[in-house]
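S.K.: See entry29.txt below, with compact mmCIF, C-alpha atoms and all ligand atoms.
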# COMPACT_ATOMS: atom_id res chain seq x y z
CA MET A 1 26.93 57.35 -6.82
CA THR A 2 27.76 55.80 -3.47
CA VAL A 3 28.38 52.16 -4.36
CA LYS A 4 31.77 51.14 -5.73
CA LEU A 5 32.65 47.65 -6.90
CA TYR A 6 36.20 46.41 -7.32
CA SER A 7 35.83 43.78 -10.00
CA TYR A 8 37.57 41.89 -12.81
CA PHE A 9 35.48 41.16 -15.88
CA ARG A 10 36.14 37.40 -15.87
CA SER A 11 35.94 36.93 -12.09
CA SER A 12 33.06 34.61 -11.24
CA ALA A 13 32.73 36.01 -7.72
CA SER A 14 32.54 39.59 -9.09
CA TYR A 15 30.02 38.44 -11.71
CA ARG A 16 27.74 37.19 -8.89
CA VAL A 17 27.74 40.64 -7.28
CA ARG A 18 27.23 42.46 -10.59
CA ILE A 19 24.07 40.41 -11.18
CA ALA A 20 22.81 41.28 -7.68
CA LEU A 21 23.46 45.00 -8.19
CA ASN A 22 21.63 44.90 -11.53
CA LEU A 23 18.66 42.98 -10.11
CA LYS A 24 18.42 45.55 -7.31
CA ARG A 25 18.74 48.35 -9.90
CA LEU A 26 21.58 49.91 -7.95
CA PRO A 27 23.93 52.10 -9.97
CA TYR A 28 27.57 51.58 -9.09
CA GLU A 29 31.04 52.70 -10.02
CA TYR A 30 33.07 49.90 -11.61
CA LEU A 31 36.69 49.85 -10.43
CA PRO A 32 38.71 47.31 -12.43
CA VAL A 33 41.37 45.18 -10.74
CA HIS A 34 43.42 43.28 -13.31
CA LEU A 35 44.14 39.83 -11.90
CA LEU A 36 46.91 38.99 -14.36
CA ARG A 37 48.66 42.25 -15.17
CA ASP A 38 51.89 43.09 -13.38
CA GLY A 39 51.75 40.00 -11.15
CA GLY A 40 48.14 40.70 -10.23
CA GLU A 41 46.80 44.08 -9.10
CA GLN A 42 44.76 42.26 -6.43
CA LEU A 43 48.02 41.49 -4.60
CA LYS A 44 49.29 45.10 -4.43
CA PRO A 45 49.37 46.67 -0.95
CA ALA A 46 46.93 49.45 -1.88
CA TYR A 47 44.22 46.94 -2.79
CA ARG A 48 45.06 44.59 0.07
CA ARG A 49 44.26 47.33 2.53
CA LEU A 50 40.66 46.88 1.33
CA ASN A 51 40.70 43.13 0.80
CA GLN A 52 43.31 41.32 2.87
CA ASP A 53 42.88 38.07 0.90
CA GLY A 54 43.89 39.86 -2.30
CA MET A 55 40.74 38.86 -4.15
CA VAL A 56 37.90 40.49 -6.00
CA PRO A 57 35.20 41.51 -5.46
CA THR A 58 35.20 44.22 -2.82
CA LEU A 59 32.19 46.48 -2.43
CA ILE A 60 32.37 49.93 -0.87
CA ASP A 61 29.12 51.42 0.32
CA ASP A 62 28.76 55.03 1.42
CA GLU A 63 32.49 55.70 1.00
CA GLN A 64 33.26 53.94 4.27
CA HIS A 65 32.60 50.22 4.56
CA ALA A 66 34.66 47.82 2.45
CA ILE A 67 32.89 44.46 2.26
CA GLN A 68 34.70 41.32 1.12
CA GLN A 69 33.34 37.92 0.05
CA SER A 70 30.74 37.90 -2.70
CA LEU A 71 28.04 36.11 -0.73
CA ALA A 72 28.44 38.45 2.25
CA ILE A 73 28.17 41.39 -0.17
CA ILE A 74 25.06 39.93 -1.81
CA GLU A 75 23.32 39.23 1.50
CA TYR A 76 24.22 42.75 2.67
CA LEU A 77 22.65 44.22 -0.49
CA ASP A 78 19.61 42.01 0.02
CA GLU A 79 19.17 43.25 3.59
CA VAL A 80 19.67 46.93 2.79
CA HIS A 81 17.72 46.85 -0.49
CA PRO A 82 15.13 44.10 0.04
CA GLU A 83 13.42 44.37 -3.37
CA PRO A 84 13.50 42.16 -5.27
CA PRO A 85 14.45 39.55 -2.65
CA LEU A 86 17.26 37.18 -3.57
CA LEU A 87 16.22 34.54 -1.03
CA PRO A 88 12.86 32.75 -0.68
CA ALA A 89 10.30 33.66 1.98
CA MET A 90 10.40 30.45 4.01
CA ALA A 91 13.36 29.52 6.20
CA ILE A 92 13.51 25.95 4.90
CA ASP A 93 13.66 27.23 1.31
CA ARG A 94 16.27 29.84 2.23
CA ALA A 95 18.43 27.06 3.65
CA TYR A 96 18.00 25.07 0.44
CA VAL A 97 18.88 28.01 -1.83
CA ARG A 98 21.88 28.88 0.33
CA SER A 99 23.02 25.26 0.16
CA ILE A 100 23.02 25.37 -3.66
CA ALA A 101 24.89 28.68 -3.65
CA LEU A 102 27.43 27.42 -1.10
CA GLN A 103 27.92 24.15 -2.97
CA ILE A 104 29.21 26.27 -5.84
CA ALA A 105 30.96 28.97 -3.83
CA CYS A 106 32.66 26.64 -1.31
CA GLU A 107 32.95 23.22 -2.94
CA ILE A 108 33.67 24.05 -6.58
CA HIS A 109 34.88 27.61 -7.12
CA PRO A 110 37.80 27.82 -4.63
CA LEU A 111 39.45 24.66 -5.98
CA ASP A 112 39.74 26.15 -9.45
CA ASN A 113 40.62 29.67 -8.48
CA LEU A 114 43.47 31.50 -10.17
CA ARG A 115 45.78 31.35 -7.16
CA VAL A 116 45.24 27.58 -6.81
CA LEU A 117 45.98 26.98 -10.51
CA LYS A 118 49.06 29.24 -10.24
CA TYR A 119 50.27 27.29 -7.19
CA LEU A 120 49.84 23.97 -9.00
CA LYS A 121 51.77 25.26 -11.99
CA HIS A 122 54.53 27.41 -10.52
CA THR A 123 55.15 25.90 -7.06
CA LEU A 124 54.21 22.24 -7.44
CA ARG A 125 55.41 22.23 -11.07
CA VAL A 126 52.37 20.34 -12.27
CA ASP A 127 52.30 20.26 -16.08
CA GLU A 128 49.57 21.90 -18.16
CA ALA A 129 47.71 18.61 -18.80
CA ALA A 130 47.58 17.71 -15.09
CA LYS A 131 46.51 21.25 -14.16
CA ASN A 132 43.67 21.08 -16.69
CA GLU A 133 42.70 17.66 -15.37
CA TRP A 134 42.52 19.10 -11.86
CA TYR A 135 40.22 21.88 -13.11
CA ARG A 136 38.04 19.46 -15.06
CA HIS A 137 37.73 16.99 -12.16
CA TRP A 138 36.42 19.52 -9.63
CA ILE A 139 34.05 21.17 -12.08
CA GLU A 140 32.63 17.90 -13.40
CA SER A 141 32.22 16.20 -10.02
CA GLY A 142 30.64 19.35 -8.57
CA PHE A 143 28.31 19.84 -11.53
CA ALA A 144 27.24 16.17 -11.43
CA THR A 145 26.14 16.58 -7.80
CA LEU A 146 24.36 19.85 -8.53
CA GLU A 147 22.64 18.39 -11.57
CA ALA A 148 21.32 15.47 -9.52
CA ARG A 149 20.03 17.78 -6.79
CA LEU A 150 18.35 20.30 -9.09
CA ALA A 151 16.89 17.68 -11.44
CA ALA A 152 15.28 15.84 -8.50
CA ASP A 153 13.94 18.78 -6.49
CA PRO A 154 10.36 19.90 -7.21
CA ARG A 155 11.34 23.48 -6.29
CA THR A 156 13.45 23.73 -9.44
CA GLY A 157 11.70 25.85 -12.06
CA ALA A 158 12.97 27.95 -14.93
CA LEU A 159 15.68 28.88 -12.43
CA CYS A 160 17.24 27.08 -9.45
CA PHE A 161 14.31 27.91 -7.17
CA GLY A 162 11.09 28.54 -9.07
CA ASP A 163 11.13 31.20 -11.74
CA THR A 164 12.63 34.20 -9.98
CA PRO A 165 16.36 34.75 -9.42
CA THR A 166 17.96 33.77 -6.12
CA ILE A 167 21.53 33.68 -4.88
CA ALA A 168 21.72 30.13 -6.25
CA ASP A 169 21.37 31.45 -9.82
CA LEU A 170 23.86 34.23 -9.06
CA CYS A 171 26.43 31.53 -8.29
CA LEU A 172 25.46 29.03 -10.98
CA VAL A 173 25.57 31.31 -14.02
CA PRO A 174 29.16 32.58 -13.53
CA GLN A 175 30.39 29.05 -12.75
CA ILE A 176 28.93 27.70 -16.00
CA PHE A 177 30.35 30.65 -17.94
CA ASN A 178 33.75 29.87 -16.44
CA ALA A 179 33.47 26.14 -17.23
CA ASN A 180 32.58 26.90 -20.86
CA ARG A 181 35.64 29.14 -21.10
CA PHE A 182 37.74 26.15 -20.07
CA LYS A 183 36.00 23.99 -22.71
CA ILE A 184 33.89 21.88 -20.34
CA ASP A 185 30.84 20.50 -22.13
CA THR A 186 28.08 21.71 -19.81
CA THR A 187 25.31 20.29 -22.03
CA ARG A 188 26.01 17.06 -20.12
CA TYR A 189 24.19 18.71 -17.21
CA PRO A 190 20.82 19.42 -18.84
CA THR A 191 19.14 21.05 -15.85
CA LEU A 192 22.09 23.34 -15.18
CA GLN A 193 22.34 24.21 -18.87
CA ARG A 194 18.61 24.93 -19.11
CA ILE A 195 18.76 27.26 -16.10
CA TYR A 196 21.85 28.98 -17.51
CA ASP A 197 20.19 29.48 -20.90
CA HIS A 198 17.13 30.98 -19.26
CA ALA A 199 18.98 33.18 -16.76
CA THR A 200 21.35 34.67 -19.32
CA GLN A 201 18.33 36.01 -21.22
CA ILE A 202 17.35 38.12 -18.19
CA ASP A 203 18.58 41.69 -18.60
CA ALA A 204 20.25 41.91 -15.15
CA PHE A 205 22.26 38.77 -15.90
CA ALA A 206 23.07 39.79 -19.47
CA ARG A 207 24.44 43.18 -18.39
CA ALA A 208 26.61 41.50 -15.75
CA ALA A 209 28.30 39.19 -18.27
CA PRO A 210 32.09 39.45 -18.58
CA ASP A 211 32.03 40.73 -22.16
CA GLU A 212 29.79 43.64 -21.15
CA GLN A 213 32.20 45.04 -18.54
CA PRO A 214 34.36 48.12 -19.08
CA ASP A 215 37.57 46.11 -18.55
CA ALA A 216 36.59 43.30 -20.97
CA GLU A 217 39.44 42.24 -23.27
N1 LIG B 1 35.15 33.44 -1.71
C1 LIG B 1 35.51 34.63 -2.42
C2 LIG B 1 36.29 34.23 -3.65
C3 LIG B 1 36.81 35.41 -4.38
C4 LIG B 1 37.69 34.95 -5.52
O1 LIG B 1 38.05 33.78 -5.62
N2 LIG B 1 38.08 35.87 -6.39
C5 LIG B 1 38.97 35.51 -7.46
C6 LIG B 1 38.36 35.86 -8.80
S1 LIG B 1 36.87 34.95 -9.07
C7 LIG B 1 40.26 36.26 -7.29
O2 LIG B 1 40.26 37.42 -6.94
N3 LIG B 1 41.37 35.58 -7.53
C8 LIG B 1 42.64 36.19 -7.43
C9 LIG B 1 43.72 35.18 -7.26
O3 LIG B 1 43.44 33.99 -7.24
O4 LIG B 1 44.87 35.64 -7.15
C10 LIG B 1 34.27 35.42 -2.81
O5 LIG B 1 33.21 34.80 -2.96
O6 LIG B 1 34.33 36.66 -2.89
Could you render the structure from this file as structure tokens?
Ligand SMILES: N[C@@H](CCC(=O)N[C@@H](CS)C(=O)NCC(=O)O)C(=O)O

M.R.:
Amino acid sequence: MTVKLYSYFRSSASYRVRIALNLKRLPYEYLPVHLLRDGGEQLKPAYRRLNQDGMVPTLIDDEQHAIQQSLAIIEYLDEVHPEPPLLPAMAIDRAYVRSIALQIACEIHPLDNLRVLKYLKHTLRVDEAAKNEWYRHWIESGFATLEARLAADPRTGALCFGDTPTIADLCLVPQIFNANRFKIDTTRYPTLQRIYDHATQIDAFARAAPDEQPDAE
């Protein structure tokens, strides 16, 4: 087995990569990094030699290259293992799919990341209610925009782009899972919810779910 994935079961960014690996039918070794234990294993020097940001996921291919950033990992996998493709055939559609993925990965996910919530709580001394309000605000405003885009675009099918998985679905499903864990009512975004319900029935998505991982608690 030549592919290794440093992952945490609840990490949305790791979840994206697990779905990609499953869709590509690539076996991989799962190396758990516990984000909460002992101050966070992701921040220990040994792990930071692989991932200077101190974040999961990191993918190691062929025992030599450590790749950081989930979308860079996914596009690498898509280039090296082109079947099934995770981006559409036409450039204009690829740009659209990437824009959905990046809307989640750049405009929603980083604002509600563990280190941001920890900074609000421990450094800025924001109370629990205000911290939760911060989380809710960025998820709900981001999901409202996404819902409007996907509901209006004729390219939306059973999934974000037609009926076959793309990187947009790889980003959407973990973000909805995460929102549900924080008690956000995602049924208010019917298109997003419909895509989530469909995608999570697909085997590659189901096997990537947090509860299915070896480090699930
Ligand atoms: N943009 C990065 C984000 C990675 C990321 O945010 N990872 C989170 C888990 S989902 C993490 O490791 N957080 C650790 C921390 O905040 O200390 C990617 O897509 O890989």

S.K.: For the atom pair atom CA of Asp169 of chain A and atom CA of Ile67 of chain A, what is the interatomic distance in Å to one decimal place?

M.R.: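 Between atom CA of Asp169 of chain A and atom CA of Ile67 of chain A the gap is 21.2 Å.
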
S.K.: Restrict the calculation to only C-alpha atoms and all ligand atoms, then for each residue of chain A with any atom at most 6 Å from an atom of ligand LIG 1 (chain B) give the closest atom pair and their distance in Å to one decimal, rows by chain and rising residue number, as CSV.

M.R.:
residue,atom,partner,partner_atom,distance
A:Ser11,CA,B:LIG1,S1,3.7
A:Ser12,CA,B:LIG1,S1,4.4
A:Ala13,CA,B:LIG1,S1,4.5
A:Leu35,CA,B:LIG1,C8,6.0
A:Met55,CA,B:LIG1,O2,3.2
A:Val56,CA,B:LIG1,O2,4.0
A:Pro57,CA,B:LIG1,O6,5.6
A:Gln69,CA,B:LIG1,O6,3.3
A:Ser70,CA,B:LIG1,O6,3.8
A:Leu71,CA,B:LIG1,O5,5.8
A:Asn113,CA,B:LIG1,O3,5.3
A:Leu114,CA,B:LIG1,O3,3.8
A:Arg115,CA,B:LIG1,O3,3.5

S.K.: Give me a file of those residues, with C-alpha atoms, as a PDB file, in the frame of the given file.

M.R.:
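What ended up in result_5.pdb:
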ATOM      1  CA  SER A  11      35.940  36.930 -12.090  1.00  0.00           C
ATOM      2  CA  SER A  12      33.060  34.610 -11.240  1.00  0.00           C
ATOM      3  CA  ALA A  13      32.730  36.010  -7.720  1.00  0.00           C
ATOM      4  CA  LEU A  35      44.140  39.830 -11.900  1.00  0.00           C
ATOM      5  CA  MET A  55      40.740  38.860  -4.150  1.00  0.00           C
ATOM      6  CA  VAL A  56      37.900  40.490  -6.000  1.00  0.00           C
ATOM      7  CA  PRO A  57      35.200  41.510  -5.460  1.00  0.00           C
ATOM      8  CA  GLN A  69      33.340  37.920   0.050  1.00  0.00           C
ATOM      9  CA  SER A  70      30.740  37.900  -2.700  1.00  0.00           C
ATOM     10  CA  LEU A  71      28.040  36.110  -0.730  1.00  0.00           C
ATOM     11  CA  ASN A 113      40.620  29.670  -8.480  1.00  0.00           C
ATOM     12  CA  LEU A 114      43.470  31.500 -10.170  1.00  0.00           C
ATOM     13  CA  ARG A 115      45.780  31.350  -7.160  1.00  0.00           C
TER      14      ARG A 115
END

S.K.: In Å, how far is it from atom CA of Phe177 of chain A to atom CA of Thr145 of chain A?

M.R.: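 Atom-to-atom, atom CA of Phe177 of chain A and atom CA of Thr145 of chain A are spaced 17.8 Å apart.
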
S.K.: Would you mind reading off the distance between atom CA of Ala179 of chain A and atom CA of Ala148 of chain A, one decimal, in Å?

M.R.: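 Spanning atom CA of Ala179 of chain A to atom CA of Ala148 of chain A is a straight-line distance of 17.9 Å.
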
S.K.: Please produce, as a Markdown table, a per-residue contact table for segment 147-201 of chain A versus segment 76-100 of chain A (criterion: any atom at most 12 Å away, all atoms listed in the file considered), showing the nearest atom pair and its distance in Å to one decimal, sorted by chain then residue number.

M.R.:
| residue | atom | partner | partner_atom | distance |
| --- | --- | --- | --- | --- |
| A:Glu147 | CA | A:Ile100 | CA | 10.6 |
| A:Ala148 | CA | A:Ile100 | CA | 11.6 |
| A:Arg149 | CA | A:Ile100 | CA | 8.7 |
| A:Leu150 | CA | A:Ile100 | CA | 8.8 |
| A:Asp153 | CA | A:Tyr96 | CA | 10.2 |
| A:Pro154 | CA | A:Asp93 | CA | 11.7 |
| A:Arg155 | CA | A:Asp93 | CA | 8.8 |
| A:Thr156 | CA | A:Val97 | CA | 10.3 |
| A:Leu159 | CA | A:Val97 | CA | 11.1 |
| A:Cys160 | CA | A:Val97 | CA | 7.8 |
| A:Phe161 | CA | A:Val97 | CA | 7.0 |
| A:Gly162 | CA | A:Pro88 | CA | 9.6 |
| A:Asp163 | CA | A:Pro88 | CA | 11.3 |
| A:Thr164 | CA | A:Leu86 | CA | 8.5 |
| A:Pro165 | CA | A:Leu86 | CA | 6.4 |
| A:Thr166 | CA | A:Leu86 | CA | 4.3 |
| A:Ile167 | CA | A:Leu86 | CA | 5.7 |
| A:Ala168 | CA | A:Ile100 | CA | 5.6 |
| A:Asp169 | CA | A:Ile100 | CA | 8.8 |
| A:Leu170 | CA | A:Leu86 | CA | 9.1 |
| A:Cys171 | CA | A:Ile100 | CA | 8.4 |
| A:Leu172 | CA | A:Ile100 | CA | 8.5 |
| A:Leu192 | CA | A:Ile100 | CA | 11.7 |

S.K.: Determine, counting all atoms listed in the file, which protein, DNA and RNA residues have an atom within 10 Å of an atom of Lys4 of chain A; residues of the same chain fewer than 5 positions away are not included. Present the result as a list of chain:residue names.

M.R.: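 Skipping anything fewer than 5 positions along the chain leaves A:Pro27, A:Tyr28, A:Glu29, A:Tyr30, A:Leu31, A:Thr58, A:Leu59, A:Ile60, A:Asp61, A:Asp62, A:Glu63, A:Ala66.
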
S.K.: Please provide the set of residues having any atom within 10 Å of Thr186 of chain A, restricted to all atoms listed in the file, with same-chain residues fewer than 2 positions apart removed, written as a PyMOL selection string.

M.R.: chain A and resi 139-140+143+176-177+179-180+183-184+188-193+196

S.K.: For Asp112 of chain A, which residue among A:Arg49, A:Val126, A:Val173, A:Asn178 is the nearest when counting all atoms listed in the file?

M.R.: A:Asn178

S.K.: Please provide as a ChimeraX atom specification all residues within 9 Å of Leu21 of chain A, with the sequence filter that same-chain residues fewer than 3 positions apart are discarded (counting only C-alpha atoms).

M.R.: /A:16-18,24-28,74,77,204,208

S.K.: Need the neighbours of (33.3, 44.2, -21.2): which residues are at most 12 Å away, counting all atoms listed in the file, as a short mmCIF file (atom, residue, chain, number, x, y, z; two decimals) with C-alpha atoms, in the coordinates of the input?

M.R.:
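Result file is result-v2.cif:
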data_model
loop_
_atom_site.label_atom_id
_atom_site.label_comp_id
_atom_site.auth_asym_id
_atom_site.auth_seq_id
_atom_site.Cartn_x
_atom_site.Cartn_y
_atom_site.Cartn_z
CA SER A 7 35.83 43.78 -10.00
CA TYR A 8 37.57 41.89 -12.81
CA PHE A 9 35.48 41.16 -15.88
CA ARG A 10 36.14 37.40 -15.87
CA SER A 11 35.94 36.93 -12.09
CA TYR A 15 30.02 38.44 -11.71
CA TYR A 30 33.07 49.90 -11.61
CA PRO A 32 38.71 47.31 -12.43
CA ALA A 206 23.07 39.79 -19.47
CA ARG A 207 24.44 43.18 -18.39
CA ALA A 208 26.61 41.50 -15.75
CA ALA A 209 28.30 39.19 -18.27
CA PRO A 210 32.09 39.45 -18.58
CA ASP A 211 32.03 40.73 -22.16
CA GLU A 212 29.79 43.64 -21.15
CA GLN A 213 32.20 45.04 -18.54
CA PRO A 214 34.36 48.12 -19.08
CA ASP A 215 37.57 46.11 -18.55
CA ALA A 216 36.59 43.30 -20.97
CA GLU A 217 39.44 42.24 -23.27
#

S.K.: Which is closest to Ser141 of chain A among A:Asp38, A:Asp127, A:Asp203, A:Glu107, if we use only C-alpha atoms?

M.R.: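 Of A:Asp38, A:Asp127, A:Asp203, A:Glu107, the one nearest Ser141 of chain A, counting only C-alpha atoms, is A:Glu107.
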
S.K.: Smallest atom-to-atom distance to Phe205 of chain A: which of A:Val3, A:Gly157, A:Pro174, A:Leu117, using only C-alpha atoms?

M.R.: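 Answer, going by the shortest atom-to-atom distance: A:Pro174.
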
S.K.: Here is a test: counting only C-alpha atoms, which residue of A:Ile19, A:His122, A:Gln52, A:Glu41 is nearest to Ile73 of chain A?

M.R.: A:Ile19

S.K.: Measuring between all atoms listed in the file, which one of A:Ile104, A:Leu43, A:Ile195, A:Ala72 shows the shortest distance to Ala151 of chain A?

M.R.: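 Between A:Ile104, A:Leu43, A:Ile195, A:Ala72, the residue approaching Ala151 of chain A most closely is A:Ile195.
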